[in-house]
Structure formats: C-alpha cells, structure tokens
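Here is model_9.cif, consisting of mmCIF, C-alpha atoms:
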```cif
data_work
loop_
_atom_site.label_atom_id
_atom_site.label_comp_id
_atom_site.auth_asym_id
_atom_site.auth_seq_id
_atom_site.Cartn_x
_atom_site.Cartn_y
_atom_site.Cartn_z
CA MET A 781 58.90 62.41 89.60
CA ARG A 782 61.05 60.30 91.87
CA ARG A 783 59.92 60.36 95.50
CA HIS A 784 62.39 60.17 98.35
CA HIS A 785 61.82 56.49 99.17
CA ASP A 786 62.48 55.49 95.55
CA MET A 787 66.24 55.31 95.88
CA GLY A 788 67.20 52.44 93.57
CA GLY A 789 70.16 53.45 91.40
CA LEU A 790 71.10 56.60 93.30
CA ASP A 791 74.54 57.37 94.65
CA ALA A 792 75.25 56.56 98.28
CA GLY A 793 78.20 55.77 100.47
CA PRO A 794 79.54 52.34 101.37
CA VAL A 795 77.23 49.80 102.99
CA ASP A 796 77.69 49.83 106.76
CA PRO A 797 77.85 46.16 107.76
CA ALA A 798 77.01 46.85 111.43
CA GLU A 799 74.01 44.99 112.81
CA HIS A 800 72.10 45.24 116.05
CA ASP A 801 69.91 42.73 117.80
CA TYR A 802 66.27 43.66 117.52
CA THR A 803 64.93 45.07 120.78
CA PRO A 804 61.68 43.88 122.37
CA TRP A 805 60.14 47.21 121.43
CA GLU A 806 61.00 46.78 117.74
CA LYS A 807 59.56 43.28 117.73
CA ARG A 808 56.33 44.61 119.24
CA VAL A 809 55.98 47.04 116.33
CA ASP A 810 56.58 44.18 113.90
CA ALA A 811 54.01 42.05 115.70
CA ILE A 812 51.36 44.79 115.56
CA VAL A 813 51.86 45.18 111.81
CA ARG A 814 51.81 41.41 111.23
CA LEU A 815 48.56 41.07 113.16
CA LEU A 816 46.85 43.96 111.36
CA ALA A 817 48.02 42.89 107.89
CA GLY A 818 47.63 39.14 108.44
CA LYS A 819 45.02 37.16 106.57
CA GLU A 820 42.78 36.85 109.63
CA ARG A 821 42.21 40.62 109.78
CA ARG A 822 43.50 42.38 106.69
CA LEU A 823 42.89 45.74 108.36
CA ILE A 824 45.82 47.15 106.44
CA THR A 825 47.80 46.10 103.41
CA LEU A 826 51.58 46.23 103.20
CA ASP A 827 51.35 48.68 100.31
CA GLU A 828 49.17 50.92 102.43
CA HIS A 829 51.74 50.75 105.21
CA ARG A 830 54.56 51.61 102.84
CA ARG A 831 52.57 54.50 101.40
CA ALA A 832 51.96 55.86 104.91
CA MET A 833 55.70 55.71 105.59
CA GLU A 834 56.44 57.57 102.39
CA ASP A 835 53.85 60.17 103.41
CA LEU A 836 55.87 60.91 106.54
CA GLY A 837 57.96 63.09 104.21
CA PRO A 838 61.68 63.16 103.39
CA GLY A 839 62.74 64.58 106.77
CA ALA A 840 60.97 62.07 108.95
CA TYR A 841 61.79 59.23 106.55
CA ASP A 842 65.51 59.80 107.01
CA GLU A 843 65.58 60.93 110.62
CA LEU A 844 63.38 58.29 112.20
CA SER A 845 64.75 54.82 112.76
CA TYR A 846 63.25 51.94 110.84
CA TYR A 847 60.66 50.87 113.41
CA GLU A 848 59.95 54.46 114.36
CA ARG A 849 58.79 54.92 110.77
CA TRP A 850 56.74 51.76 111.04
CA ILE A 851 54.86 52.71 114.19
CA SER A 852 54.35 56.30 113.02
CA ALA A 853 52.85 55.08 109.76
CA ILE A 854 50.68 52.37 111.27
CA THR A 855 49.31 54.79 113.89
CA ASN A 856 48.42 57.30 111.18
CA ILE A 857 46.58 54.61 109.23
CA LEU A 858 44.64 53.46 112.31
CA ILE A 859 43.56 57.04 113.02
CA GLU A 860 42.62 57.64 109.37
CA LYS A 861 40.51 54.49 109.36
CA GLY A 862 38.84 55.45 112.62
CA VAL A 863 40.06 52.34 114.42
CA ILE A 864 41.54 54.54 117.15
CA SER A 865 41.10 58.25 117.83
CA VAL A 866 43.71 60.88 118.59
CA GLU A 867 42.07 61.42 122.00
CA GLU A 868 42.17 57.74 122.90
CA LEU A 869 45.77 57.54 121.83
CA GLY A 870 46.76 60.58 123.89
CA GLY A 871 45.05 59.21 126.98
CA LYS A 872 46.57 55.79 126.58
CA MET A 873 50.05 57.21 126.03
CA GLU A 874 49.76 59.13 129.30
CA ALA A 875 48.76 55.94 131.09
CA VAL A 876 51.59 53.90 129.55
CA LYS A 877 54.11 56.61 130.37
CA ALA A 878 52.95 56.85 133.97
CA ARG A 879 53.18 53.09 134.36
CA TRP A 880 56.69 52.98 132.94
CA GLN A 881 57.86 55.80 135.15
CA GLU A 882 56.44 54.00 138.15
CA ALA A 883 58.24 50.81 137.15
CA ARG A 884 61.52 52.66 136.87
CA GLU A 885 61.33 54.23 140.30
CA MET B 1468 38.09 48.03 129.15
CA SER B 1469 39.26 51.38 130.40
CA GLU B 1470 42.76 52.68 130.40
CA THR B 1471 43.00 52.21 134.15
CA HIS B 1472 42.35 48.47 134.14
CA SER B 1473 44.92 46.09 135.46
CA HIS B 1474 47.21 44.50 132.94
CA ASP B 1475 48.11 41.54 135.07
CA ASP B 1476 46.00 39.22 132.97
CA ASP B 1477 46.27 40.54 129.47
CA TRP B 1478 49.47 42.52 129.25
CA PRO B 1479 51.22 40.66 126.45
CA TYR B 1480 54.80 41.29 127.54
CA PRO B 1481 56.69 40.53 130.73
CA HIS B 1482 55.27 42.74 133.42
CA PRO B 1483 56.45 44.99 134.97
CA GLN B 1484 58.11 46.57 131.98
CA GLN B 1485 61.85 46.39 131.91
CA PRO B 1486 62.88 49.62 130.26
CA ASP B 1487 66.52 49.04 131.16
CA ILE B 1488 66.81 46.25 128.61
CA GLU B 1489 65.46 48.48 125.88
CA ASP B 1490 67.77 50.18 123.46
CA GLY B 1491 68.44 53.62 124.92
CA PRO B 1492 66.00 55.92 126.69
CA LEU B 1493 62.23 55.61 126.42
CA THR B 1494 60.98 57.63 123.52
CA ASP B 1495 57.51 58.90 122.68
CA LEU B 1496 57.34 56.43 119.82
CA MET B 1497 58.10 53.51 122.16
CA ILE B 1498 55.32 54.76 124.42
CA MET B 1499 53.06 55.10 121.39
CA THR B 1500 53.81 51.52 120.38
CA ASP B 1501 52.55 50.13 123.66
CA ALA B 1502 49.63 52.54 123.68
CA VAL B 1503 48.56 51.42 120.20
CA ALA B 1504 48.95 47.74 121.14
CA GLU B 1505 46.85 48.23 124.27
CA LEU B 1506 44.12 50.15 122.44
CA LEU B 1507 43.89 47.42 119.81
CA ILE B 1508 43.66 44.79 122.54
CA ASP B 1509 41.03 46.84 124.41
CA LYS B 1510 39.02 47.13 121.21
CA GLU B 1511 39.42 43.41 120.57
CA VAL B 1512 41.03 43.96 117.19
CA PHE B 1513 43.41 41.29 118.40
CA SER B 1514 43.97 39.69 121.77
CA ALA B 1515 46.90 39.83 124.15
CA ASP B 1516 47.36 36.18 123.37
CA ASP B 1517 47.59 36.93 119.63
CA MET B 1518 50.29 39.44 120.44
CA ARG B 1519 52.21 36.98 122.57
CA ARG B 1520 52.02 34.26 119.94
CA THR B 1521 53.13 36.64 117.20
CA LEU B 1522 56.14 37.72 119.25
CA GLU B 1523 56.99 34.07 119.77
CA ALA B 1524 56.68 33.43 116.04
CA ILE B 1525 59.04 36.34 115.32
CA ASP B 1526 61.59 34.93 117.74
CA SER B 1527 61.25 31.41 116.37
CA LYS B 1528 62.29 32.37 112.83
CA SER B 1529 65.92 32.26 111.85
CA PRO B 1530 67.99 31.57 108.74
CA ALA B 1531 68.30 27.97 109.99
CA GLU B 1532 64.96 27.06 108.41
CA GLY B 1533 65.98 28.40 105.01
CA ALA B 1534 69.30 26.60 105.41
CA ARG B 1535 67.51 23.30 106.02
CA MET B 1536 65.54 23.79 102.81
CA VAL B 1537 68.67 24.59 100.81
CA ALA B 1538 70.47 21.49 102.09
CA HIS B 1539 67.43 19.34 101.34
CA ALA B 1540 67.26 20.77 97.82
CA TRP B 1541 70.93 19.96 97.22
CA LEU B 1542 70.31 16.32 98.11
CA ASP B 1543 66.92 15.84 96.48
CA PRO B 1544 66.57 17.11 92.89
CA ASP B 1545 62.81 16.57 92.90
CA PHE B 1546 62.44 18.67 96.02
CA LYS B 1547 64.69 21.30 94.48
CA ALA B 1548 62.42 21.46 91.44
CA ARG B 1549 59.39 21.91 93.69
CA MET B 1550 61.20 24.56 95.74
CA LEU B 1551 62.08 26.53 92.61
CA GLU B 1552 58.42 26.27 91.64
CA ASP B 1553 56.92 27.27 95.00
CA VAL B 1554 59.03 27.90 98.12
CA ASN B 1555 56.05 28.23 100.43
CA ALA B 1556 54.61 24.85 99.45
CA ALA B 1557 58.04 23.19 99.55
CA ALA B 1558 58.56 24.60 103.05
CA GLU B 1559 55.29 23.06 104.15
CA GLU B 1560 56.56 19.63 103.06
CA MET B 1561 59.32 20.08 105.64
CA SER B 1562 56.84 21.36 108.27
CA ILE B 1563 58.27 24.86 107.93
CA ASP B 1564 55.82 27.77 107.88
CA ALA B 1565 57.12 30.25 105.28
CA GLY B 1566 54.10 32.54 105.62
CA THR B 1567 51.53 33.51 103.02
CA ILE B 1568 53.51 36.02 100.95
CA PRO B 1569 54.95 34.16 97.95
CA ILE B 1570 58.70 33.59 98.02
CA LEU B 1571 60.58 32.83 94.81
CA ALA B 1572 63.85 30.92 95.07
CA VAL B 1573 66.45 31.82 92.45
CA GLU B 1574 69.29 29.42 91.87
CA ASN B 1575 72.92 30.38 91.65
CA THR B 1576 74.82 28.52 88.95
CA LYS B 1577 78.38 28.62 87.66
CA ASP B 1578 77.19 31.22 85.14
CA ILE B 1579 74.76 33.31 87.18
CA HIS B 1580 75.05 34.86 90.64
CA ASN B 1581 71.84 36.24 92.16
CA VAL B 1582 71.37 38.77 94.94
CA ILE B 1583 68.25 40.33 96.49
CA VAL B 1584 67.27 43.83 97.56
CA CYS B 1585 64.15 45.89 98.13
CA THR B 1586 64.84 49.32 96.67
CA LEU B 1587 61.49 50.83 97.68
CA CYS B 1588 61.40 49.68 101.29
CA SER B 1589 62.61 46.52 103.02
CA CYS B 1590 60.69 43.52 101.68
CA TYR B 1591 62.50 40.39 102.78
CA PRO B 1592 61.49 36.74 103.23
CA LYS B 1593 61.29 37.28 107.00
CA TYR B 1594 58.56 34.71 107.56
CA LEU B 1595 61.17 32.16 106.47
CA LEU B 1596 64.56 33.67 107.33
CA GLY B 1597 63.75 35.89 110.31
CA LEU B 1598 64.13 39.67 110.52
CA PRO B 1599 66.56 41.20 108.02
CA PRO B 1600 70.01 42.60 108.88
CA ASP B 1601 70.19 46.38 109.28
CA TRP B 1602 72.26 46.90 106.15
CA TYR B 1603 69.57 45.27 104.02
CA LYS B 1604 67.29 48.17 104.96
CA SER B 1605 69.97 50.85 104.59
CA ARG B 1606 69.95 53.64 102.06
CA ALA B 1607 73.39 52.62 100.77
CA TYR B 1608 72.38 49.02 100.00
CA ARG B 1609 68.97 49.92 98.56
CA SER B 1610 70.37 52.68 96.37
CA ARG B 1611 73.52 51.11 95.01
CA LEU B 1612 72.89 47.39 94.62
CA VAL B 1613 70.82 47.74 91.45
CA ARG B 1614 73.40 49.95 89.75
CA GLU B 1615 76.74 48.60 90.91
CA PRO B 1616 76.09 45.15 92.36
CA ARG B 1617 79.67 43.96 91.90
CA ALA B 1618 81.04 46.91 93.85
CA VAL B 1619 78.54 46.35 96.66
CA LEU B 1620 79.32 42.62 96.75
CA LYS B 1621 83.01 43.46 97.02
CA GLU B 1622 82.24 45.39 100.20
CA PHE B 1623 80.97 42.08 101.57
CA GLY B 1624 84.21 40.44 100.48
CA THR B 1625 82.55 38.72 97.53
CA GLU B 1626 84.30 38.87 94.19
CA ILE B 1627 82.20 37.59 91.32
CA PRO B 1628 84.32 36.66 88.27
CA ASP B 1629 83.71 38.79 85.17
CA ASP B 1630 82.37 35.85 83.18
CA VAL B 1631 79.62 35.25 85.74
CA GLU B 1632 76.45 37.27 85.21
CA VAL B 1633 75.12 39.09 88.28
CA ARG B 1634 71.34 39.35 88.57
CA VAL B 1635 69.70 41.63 91.12
CA HIS B 1636 66.15 40.82 92.21
CA ASP B 1637 64.10 43.71 93.56
CA SER B 1638 61.51 42.47 96.07
CA THR B 1639 57.96 43.77 96.50
CA ALA B 1640 55.17 43.45 99.01
CA GLU B 1641 53.68 40.67 96.85
CA LEU B 1642 56.79 38.71 95.95
CA ARG B 1643 59.93 38.07 97.94
CA TYR B 1644 63.05 36.23 96.90
CA MET B 1645 65.63 33.96 98.42
CA ILE B 1646 68.78 32.62 96.84
CA LEU B 1647 69.45 28.94 96.42
CA PRO B 1648 73.25 28.96 96.68
CA MET B 1649 75.52 26.54 94.85
CA ARG B 1650 76.58 23.46 96.76
CA PRO B 1651 80.30 23.81 97.40
CA LYS B 1652 82.73 21.31 95.97
CA GLY B 1653 84.11 18.69 98.33
CA THR B 1654 80.83 18.26 100.25
CA GLU B 1655 79.85 14.95 98.64
CA ASP B 1656 80.20 13.04 101.90
CA MET B 1657 78.27 15.47 104.07
CA ASP B 1658 74.80 14.68 105.35
CA GLU B 1659 71.87 17.07 105.23
CA GLU B 1660 72.43 18.51 108.68
CA ALA B 1661 76.11 19.19 108.02
CA LEU B 1662 75.24 20.76 104.68
CA ALA B 1663 72.63 22.99 106.30
CA GLY B 1664 75.36 24.18 108.65
CA LEU B 1665 77.21 25.65 105.68
CA VAL B 1666 74.29 27.75 104.52
CA THR B 1667 74.36 31.26 105.97
CA ARG B 1668 71.79 34.03 105.93
CA ASP B 1669 74.05 36.17 103.76
CA CYS B 1670 74.44 33.54 101.07
CA MET B 1671 70.64 33.22 100.92
CA ILE B 1672 70.52 37.01 100.40
CA GLY B 1673 73.26 36.59 97.82
CA VAL B 1674 75.85 39.00 99.22
CA THR B 1675 78.21 36.13 99.93
CA VAL B 1676 78.93 32.73 98.46
CA ILE B 1677 79.56 29.68 100.58
CA ASP B 1678 83.16 29.68 101.56
CA ARG B 1679 84.64 26.51 102.97
CA ASP B 1680 87.72 26.85 105.10
#
```
Any chance you could put this one into structure tokens?
Amino acid sequence: MRRHHDMGGLDAGPVDPAEHDYTPWEKRVDAIVRLLAGKERRLITLDEHRRAMEDLGPGAYDELSYYERWISAITNILIEKGVISVEELGGKMEAVKARWQEARE
Amino acid sequence: MSETHSHDDDWPYPHPQQPDIEDGPLTDLMIMTDAVAELLIDKEVFSADDMRRTLEAIDSKSPAEGARMVAHAWLDPDFKARMLEDVNAAAEEMSIDAGTIPILAVENTKDIHNVIVCTLCSCYPKYLLGLPPDWYKSRAYRSRLVREPRAVLKEFGTEIPDDVEVRVHDSTAELRYMILPMRPKGTEDMDEEALAGLVTRDCMIGVTVIDRD
C-alpha cells in the first residue's frame, strides 16, 4: 500500500517557484537534527527521522510546514528513546515561552 | 542545570531573543524547538557551542562551493574523473567539506540531461550546496518530476530537445546527487573563477541549463 509521503508519480499541480529565506528558527531545527544524527552522536538516523515524520499521519504531514514536521518528529523520537520526558519538555516550554514574552514586552 | 538557570553564558543564539525577525507569530512548535535545544544542552547531549558552530556551518554553505567544483572539473579532466568517482573526496581536495553522506555527481552530456529529486522526503546535497529551495521539497515537484520530467522542466523555462534523454535521479538518505552541467560554448577564454560564476544552484539540481546571455 502506498503511504501518504510516497508521492512519486502522482498527479499534482504546477510547481510553485516561490522561495523564502530560511528563518533563524528553521535553521535551529536543522542544527538540532544535524547534531543528533551526526557521526559524533548517532542518536538518530535520517531514516528514523523520516519514519517519525511519516508517522505524524496524512493530516499533520500536509498541514505542518516543513520544519514543523521536522521538530515534531525529532521530539517524538527523543521522547520515545527516553532522552527527554514529556514532563521536562512541558516545563521547559513554559520557561521558554515566559522568557520570550518578557523579551517582547 | 535547572530550567531557571541563566542563559547568558550558554544560550546558543543572540540573546535576548528577537522574535520580531522571525517569520510570523511565535508558535508552539517554535517554542518547542528552543525547549528541545535547551534540554539537550542541559543534558549535555551537545553543547551550546556545538549548536553555535552548527548554525555557522549551515550559514556558510551555499551553491558557490558546488560551482567551484564544477568549474574546476571543466578545466581539469583528471579532477572531473575523480569527482564523478567520489564527490566528497574530490571536494576535500579543494578544501571543501561536503559532509559524510555520499554524493554522486551525474554528468550532463549532449545526449543526456539529468535532474534530481527526492520523492520520499527532501534529501538534497545540502552539506555541499546549502539548504534546498522550497519547491524542491514541494508536493508538486516530488510527485510529478519522476513521471513527467519534461513538463516540470518546462515550468522552469527549460526545454530539453526530444532527442536528448532525460534521466531523473531519486535521492535517498544514503545517497544524494548533484548534476555536473555541460560547459557552455564560447567559454574557452574564461578562467576558473569566471566559469564558477556561470554555475547556478538550479543547474546543479538539473532544472535549468546554463544560459549565457
């Protein structure tokens, strides 16, 4: 059975030639993945990362932006592997959010 | 380290954060990105310095390095042979770090035009050419290129004559491709630097050919 990411040969509209400059946030996601998959750590493999993105399901796969898929997938893998816990992540997200809000005021 | 520690010393990005330069409003996934990075730094999976250096490496990569290799290959047949054998090793000869994932260069000839895609995700020789353009990762490009490459190339303004074979190379996590474009006619007097200036990202992806005005 063909899964939703396996789109080679399917019909689709014209290629949209628009490009955007990568934002600092997107580059941070890329950097995290490079560091985790790099030969010094090999905490994840690229196939594992792709599989985790496919496991987000057809809805999320199409609705999330490219790097949103990446960070969602990598976070799921880190939780699955026990590198970080859901509780730690929740606490840290609160702290990051508070700091950002403070910086914006 | 706890989540309340100061980030003055190890926060890997300019501090304070500058959300206004980000693309649109802060989202939960942007917050999650920084939270994950901080947790991994706290747990010493990698250091803030590793993060900083990786961000610098990302910013330092551009199609210019691939273009330098192409120009060098045009001028030096022995180098070209080595590049077609092993891009990563050939890059090292020119003090270019092409990363550890093998890259295969495929050569355009008067009979064969090559173009690359990653139908399953977005594999791209980014350790050599920098981050890929958005359209490379798009559903339209990934879906259609393998079935109707000539039609897709036309959307990029590239008409491949009927007597030229079009080959599409589908990248994977283990093997990435780049195109070695044909050297345009009338460039016999150009030096390596000038030649490199002709080589664009898109012709190394294979969606365009080098067009000299």
Listing only residues of chain A within 7 Å of chain B, what is the closest atom pair and its distance in Å (to one decimal) for each, using only C-alpha atoms, sorted by chain and residue number ascending, as a Markdown table?
```
| residue | atom | partner | partner_atom | distance |
| --- | --- | --- | --- | --- |
| A:His785 | CA | B:Leu1587 | CA | 5.9 |
| A:Asp786 | CA | B:Leu1587 | CA | 5.2 |
| A:Met787 | CA | B:Ser1610 | CA | 4.9 |
| A:Gly788 | CA | B:Ser1610 | CA | 4.2 |
| A:Gly789 | CA | B:Ser1610 | CA | 5.0 |
| A:Leu790 | CA | B:Ser1610 | CA | 5.0 |
| A:Asp791 | CA | B:Arg1611 | CA | 6.4 |
| A:Ala792 | CA | B:Ala1607 | CA | 5.0 |
| A:Gly793 | CA | B:Ala1607 | CA | 5.8 |
| A:Pro794 | CA | B:Ala1607 | CA | 6.2 |
| A:Val795 | CA | B:Ala1607 | CA | 5.3 |
| A:Asp796 | CA | B:Trp1602 | CA | 6.2 |
| A:Pro797 | CA | B:Trp1602 | CA | 5.9 |
| A:Glu799 | CA | B:Asp1601 | CA | 5.4 |
| A:Thr803 | CA | B:Glu1489 | CA | 6.2 |
| A:Pro804 | CA | B:Glu1489 | CA | 6.9 |
| A:Trp805 | CA | B:Met1497 | CA | 6.7 |
| A:Lys807 | CA | B:Leu1522 | CA | 6.7 |
| A:Arg808 | CA | B:Leu1522 | CA | 6.9 |
| A:Val809 | CA | B:Thr1500 | CA | 6.4 |
| A:Ala811 | CA | B:Thr1521 | CA | 5.7 |
| A:Ile812 | CA | B:Ala1504 | CA | 6.8 |
| A:Leu826 | CA | B:Ala1640 | CA | 6.2 |
| A:Asp827 | CA | B:Ala1640 | CA | 6.6 |
| A:Glu848 | CA | B:Leu1496 | CA | 6.4 |
| A:Ile851 | CA | B:Thr1500 | CA | 6.4 |
| A:Leu869 | CA | B:Ala1502 | CA | 6.6 |
| A:Lys872 | CA | B:Ala1502 | CA | 5.3 |
| A:Met873 | CA | B:Ala1502 | CA | 5.2 |
| A:Ala875 | CA | B:Glu1470 | CA | 6.9 |
| A:Val876 | CA | B:Ala1502 | CA | 6.3 |
| A:Lys877 | CA | B:Ile1498 | CA | 6.3 |
| A:Trp880 | CA | B:Gln1484 | CA | 6.6 |
| A:Ala883 | CA | B:Pro1483 | CA | 6.5 |
```
> Which one is closest to A:Gly837: A:Ala798, A:Leu815, A:Ile859, A:Ala853? Count only C-alpha atoms.
Replying inline: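 Among A:Ala798, A:Leu815, A:Ile859, A:Ala853, it is A:Ala853 that comes nearest to A:Gly837.
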>> I want to know what sits within 12 Å of B:Asp1669, based on only C-alpha atoms, with residues of the same chain fewer than 5 positions away left out; could you give that as a list in words?
In response: Pro797 of chain A; Pro1530, Ala1531, Gly1533, Ala1534, Asn1581, Val1582, Ile1583, Val1584, Leu1596, Pro1599, Pro1600, Trp1602, Tyr1603, Leu1620, Phe1623, Gly1624, Thr1625, Met1645, Ile1646, Leu1647, Pro1648, Val1674, Thr1675, Val1676, Ile1677 and Asp1678 of chain B
Kindly provide, as lines of an AutoDock Vina configuration file, the centre and edge lengths (Å, one decimal) of an axis-aligned box around all atoms of stretch 831-836 of chain A given in the file, with 6 Å on each side.
```
center_x = 54.2
center_y = 57.7
center_z = 104.0
size_x = 16.5
size_y = 18.4
size_z = 17.1
```
>> Using Å and a single decimal, report how far atom CA of A:Lys819 sits from atom CA of A:Thr855.
In response: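 That distance, rounded to one decimal, is 19.6 Å.
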>> Once the PyMOL selection byres ((chain B and resi 1577) around 12) has been evaluated on this model, what residues remain selected, and can you format them as a PyMOL selection string?
In response: chain B and resi 1574-1576+1578-1581+1627-1633+1648-1652+1676
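Pairwise distance (atom CA of B:Glu1659, atom CA of B:Leu1542) equals 7.3 Å.
Coordinates place atom CA of B:Glu1552 at a distance of 18.4 Å from atom CA of B:Ile1672.
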